[in-house]
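Report on one structure; see the data block that follows.
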Amino acid sequence: MLSHSDIWLAIDRLAQAHGLSPSGLARQSGLDPTTFNKSKRVTREGKLHWPSTESVAKVLASTGNRLGEFVCYLSDAESTGPTQRIPMIGYAQARAGGFFDDVGYPVGSDWNEIFFPEIGDPNAFALKISGDSMAPLYRDGDTIVVSPAGDIQKGDRVVVKTCQGEIMAKQLQRRTAHKVELQSLNSGHAICNIDLEDVAWLARVIWASQ
């Protein structure tokens with residue numbers, strides 16, 4: 001069950017992720033700058049004041065975040081404990097190159113950030129989906145969190161980078177000493193067989209906002 005403090009913490013974290021104060025986030029969202037002030041979270045009578053669904057909707061619209069991403073900032077009963085900052089970039093931008101090292105770790109400073117429950121992988125990253133190349137599983141606007149340290153098994157959904165620089169999301173069907181067999185998420189595409197020597201790195205998708 002979500003608590004009053006969970007919701008307000010999520011708003012604070014969302015503001016921080018976009019380099020804003022709570023007042024700056026409110027202003028950017030077309031709200032009164034004091035809407036998210038700490039003094040507004042409890043009335044003078046000591047009653048808890050909750051942010052309205054309208055104000056949360058305006059915040060998501062102004063930041064370009066989806067509701068599933070907002071949930072990442074919550075510290076409810078299912079996600080209590082430490083969190084970590086995870087670098088995030090648009091899927092199309094990531095394909096342009098320069099954002100990963102040779103083993104698939106995020107590099108550079110042109111990433112945004114999201115908060116996510118601690119997963120024990122300091123090199124985890126997030127991709128924000130654009131287009132329908134990952135449909136129907138991952139839709140335009142969804143966010144996926146990827147762990148290079150994650151153990152990969154048959155049937156896992158993975159992000160693959162080829163030595164030619166292409167980045168794609170697939171489902172691992174089989175891996176041998178020489179090849180990987182990958183099922184496209186878009187059912188309109190055939191199974192893809194890639195020589196291992198042509199795979200720069202493979203990393204497991206551990207979460208998706210949907």
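Chain labels follow the order of the structure tokens: the first chain is A, the next B, and so on; residue numbering restarts at 1 in every chain, and ligands are counted from 1 in their shown order.
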>> Run DSSP on the backbone and tell me which residues of chain A come out as strand (DSSP E or B); list them as a PyMOL selection string.
In response: chain A and resi 42+48+83-90+100+106+112-117+125-128+143-147+157-162+167-175+179-184+192-195+199-208
> Could you pull out all residues of segment 40-187 of chain A with a DSSP call of alpha helix (DSSP H) and give them as a count of residues only?
Replying inline: 21
>> At a cut-off of 10 Å, using only C-alpha atoms, what residues contact segment 134-147 of chain A? Leave out same-chain residues fewer than 4 positions from it and give the result as a count of residues only.
In response: 50
> To one decimal place, how far is atom CA of Ser62 of chain A from atom CA of Gln28 of chain A in Å?
Replying inline: 6.7 Å
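Distance annotation: of A:Leu60, A:Ile167, A:Ile11, A:Cys72, the residue with the minimal separation from Ala94 of chain A is A:Ile167; atom set is only C-alpha atoms.
Among the candidates A:Leu182, A:Val103, A:Ala177, A:Ala10, the residue lying nearest to Trp201 of chain A is A:Val103 (atoms considered: only C-alpha atoms).
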What lies within 9 Å of Lys58 of chain A using only C-alpha atoms, ignoring chain neighbours under 2 positions off, as a CSV table (one decimal) with C-alpha atoms, in the first residue's frame?
```
chain,number,residue,atom,x,y,z
A,26,ALA,CA,5.8,22.6,-10.2
A,29,SER,CA,4.4,21.8,-15.0
A,30,GLY,CA,2.2,24.9,-15.1
A,31,LEU,CA,1.4,24.7,-11.4
A,53,THR,CA,-3.9,13.2,-9.7
A,54,GLU,CA,-4.2,16.3,-11.9
A,55,SER,CA,-0.9,17.7,-10.6
A,56,VAL,CA,0.9,14.3,-11.0
A,60,LEU,CA,4.4,13.6,-16.1
A,61,ALA,CA,3.4,15.6,-19.2
A,62,SER,CA,6.0,18.3,-18.6
A,63,THR,CA,8.9,15.9,-17.9
```
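Considering the residues A:Trp8, A:Arg13, A:Gly46, A:Ala149 and counting only C-alpha atoms, Phe115 of chain A has its shortest atom-to-atom contact with A:Arg13.
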